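Reading through the structure tokens given below for one structure.
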Amino acid sequence: MSLEGTSGGEGGQYVSVQQAYQNRGGDASLARRSTAVQRSMGRELVAGGFAVSVATGCTNPIDVVKARMQMVSIGRSGLFQTAVGLVEREGTRGLCSGLSPALLRAATYGGVRLGFYEPLKPLFGAEGKNAPLLNRIMAGVTAGTMAAGLTNPMDLIKTRSQIHGASEASMSGALRAVVRESGVSGLWRGSVPGMLRAGILTSAQLVTYGECKKHLIEGLSLKDGLQTHFYASMMSGLIATTATNPVDVVKTRVYARPDGNKGFFRHFIALVRLEGLRGCFKGWSASYIRIGPQTMITFLVYEQVRSLVGLKSL
């Protein structure tokens with residue numbers, strides 16, 4: 001009786017010790033998985049931020065011209081005419097207006113909107129090449145919206161600098177001016193159109209790029225290489241430009257004008273009433289000349305950096 005009890009006790013102790021080791025092993029496995037996720041997230045953010053920064057540096061002059069075109073409420077001013085007038089008034093340095101806040105924003109905003117897309121896909125059931133289109137769109141919209149909300153102050157300063165021709169040294173001065181005029185909350189002026197545009201842009205770029213790339217590989221038997229990335233990114237840029245231009249026009253005006261706090265939808269209604277639907281696509285040529293190459297550079301660099309840091313291809 002005592003032997004059975006002892007045996008049972010020893011067996012119970014053995015089971016308890018075994019369970020303890022298993023629990024400890026489970027905790028260690030969980031910790032390893034958590035560390036792996038953190039490292040993967042870090043690589044996603046770095047790859048996205050670097051790719052968008054490179055693309056932004058290359059296309060900032062076009063972004064400046066586009067912003068000036070969108071501020072013309074009456075009449076039309078072409079891309080070339082606007083660029084020539086800008087250089088005549090401010091010199092070639094004027095084409096670099098807002099470069100510092102643009103690069104700072106690109107590194108943070110770009111890193112978050114691209115870096116969060118892949119980690120967010122499982123939450124929306126958007127994993128795999130055959131995942132429902134709507135699920136992938138929602139993952140892209142969420143990533144873009146989060147990024148824009150976090151980095152709106154930098155986008156505001158960048159846009160104001162590009163429009164008013166502020167020098168790079170005035171970035172901190174522009175920041176203080178906004179706070180002085182509207183308080184700290186003024187740094188999030190235009191956050192609604194900014195977040196809406198970022199959600200549409202991120203979704204349009206990433207989802208279109210993925211779809212085009214899949215059809216190029218499966219339909220045309222192209223390899224997953226630079227040629228495929230180039231074709232897919234240019235088509236992505238075309239669709240993203242058209243989808244975001246109306247929001248971009250309103251965002252630019254909200255950021256630039258003192259009455260920007262009156263709201264996105266009131267600005268949009270005023271734009272359509274005064275300029276018609278055509279006004280929603282003001283600056284489209286400059287937008288595509290910027291977004292097309294920017295999207296191409298972003299994805300070409302992004303795919304290469306992802307490969308270098310051990311992440312899978314998009």
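Identifiers for the structure tokens are assigned positionally: chains receive A, B, ... in sequence, residues are indexed from 1 per chain, and ligands are indexed from 1 in the order shown.
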
Would you kindly return, as a list of chain:residue names, each protein, DNA or RNA residue with an atom no farther than 12 Å from any atom of Gly85 (chain A), considering only C-alpha atoms and excluding same-chain residues fewer than 6 positions away? A:Val65, A:Arg68, A:Met69, A:Ser77, A:Gly78, A:Leu79, A:Gly91, A:Thr92, A:Gly94, A:Leu95

Near-Met154 (chain A) list (8 Å; only C-alpha atoms; drop same-chain fewer than 5 positions) as a count of residues only: 4

Closest of A:Leu274, A:Leu86, A:Ala126, A:Ala174 to Ala139 (chain A) - atom-to-atom distances counting only C-alpha atoms: A:Ala126

Cys58 (chain A): which residues within 9 Å, counting only C-alpha atoms, same-chain residues fewer than 5 positions away excluded, as a list of chain:residue names?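 The residues satisfying every condition are A:Ser53, A:Pro293, A:Gln294, A:Ile297.
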
Between CA of Leu196 (chain A) and CA of Cys280 (chain A), what is the distance, to one decimal in Å? 14.9 Å

Using only C-alpha atoms, determine which residues lie at most 6 Å from region 206-215 of chain A, disregarding the query and same-chain residues fewer than 5 positions distant; provide the list as a list in words. Ala232, Ser233 and Ser236 of chain A

With N, CA and C atoms retained, could you export that selection as an mmCIF file, in the first residue's frame?
data_model
loop_
_atom_site.group_PDB
_atom_site.id
_atom_site.type_symbol
_atom_site.label_atom_id
_atom_site.label_comp_id
_atom_site.auth_asym_id
_atom_site.auth_seq_id
_atom_site.Cartn_x
_atom_site.Cartn_y
_atom_site.Cartn_z
ATOM 1 N N ALA A 232 5.213 45.795 -63.195
ATOM 2 C CA ALA A 232 4.171 45.796 -62.165
ATOM 3 C C ALA A 232 4.129 47.128 -61.423
ATOM 4 N N SER A 233 5.290 47.702 -61.146
ATOM 5 C CA SER A 233 5.336 48.955 -60.393
ATOM 6 C C SER A 233 4.830 50.134 -61.213
ATOM 7 N N SER A 236 1.113 49.914 -61.214
ATOM 8 C CA SER A 236 0.681 50.284 -59.868
ATOM 9 C C SER A 236 0.679 51.791 -59.694
#

Got a sec: who's within 9 Å of Pro61 (chain A), counting only C-alpha atoms, leaving out chain neighbours fewer than 4 positions off, as a list in words?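 So the residues in contact are Gly57, Val65, Lys66, Ala83, Gly94, Leu95, Cys96, Ser97, Leu99 and Arg290 of chain A.
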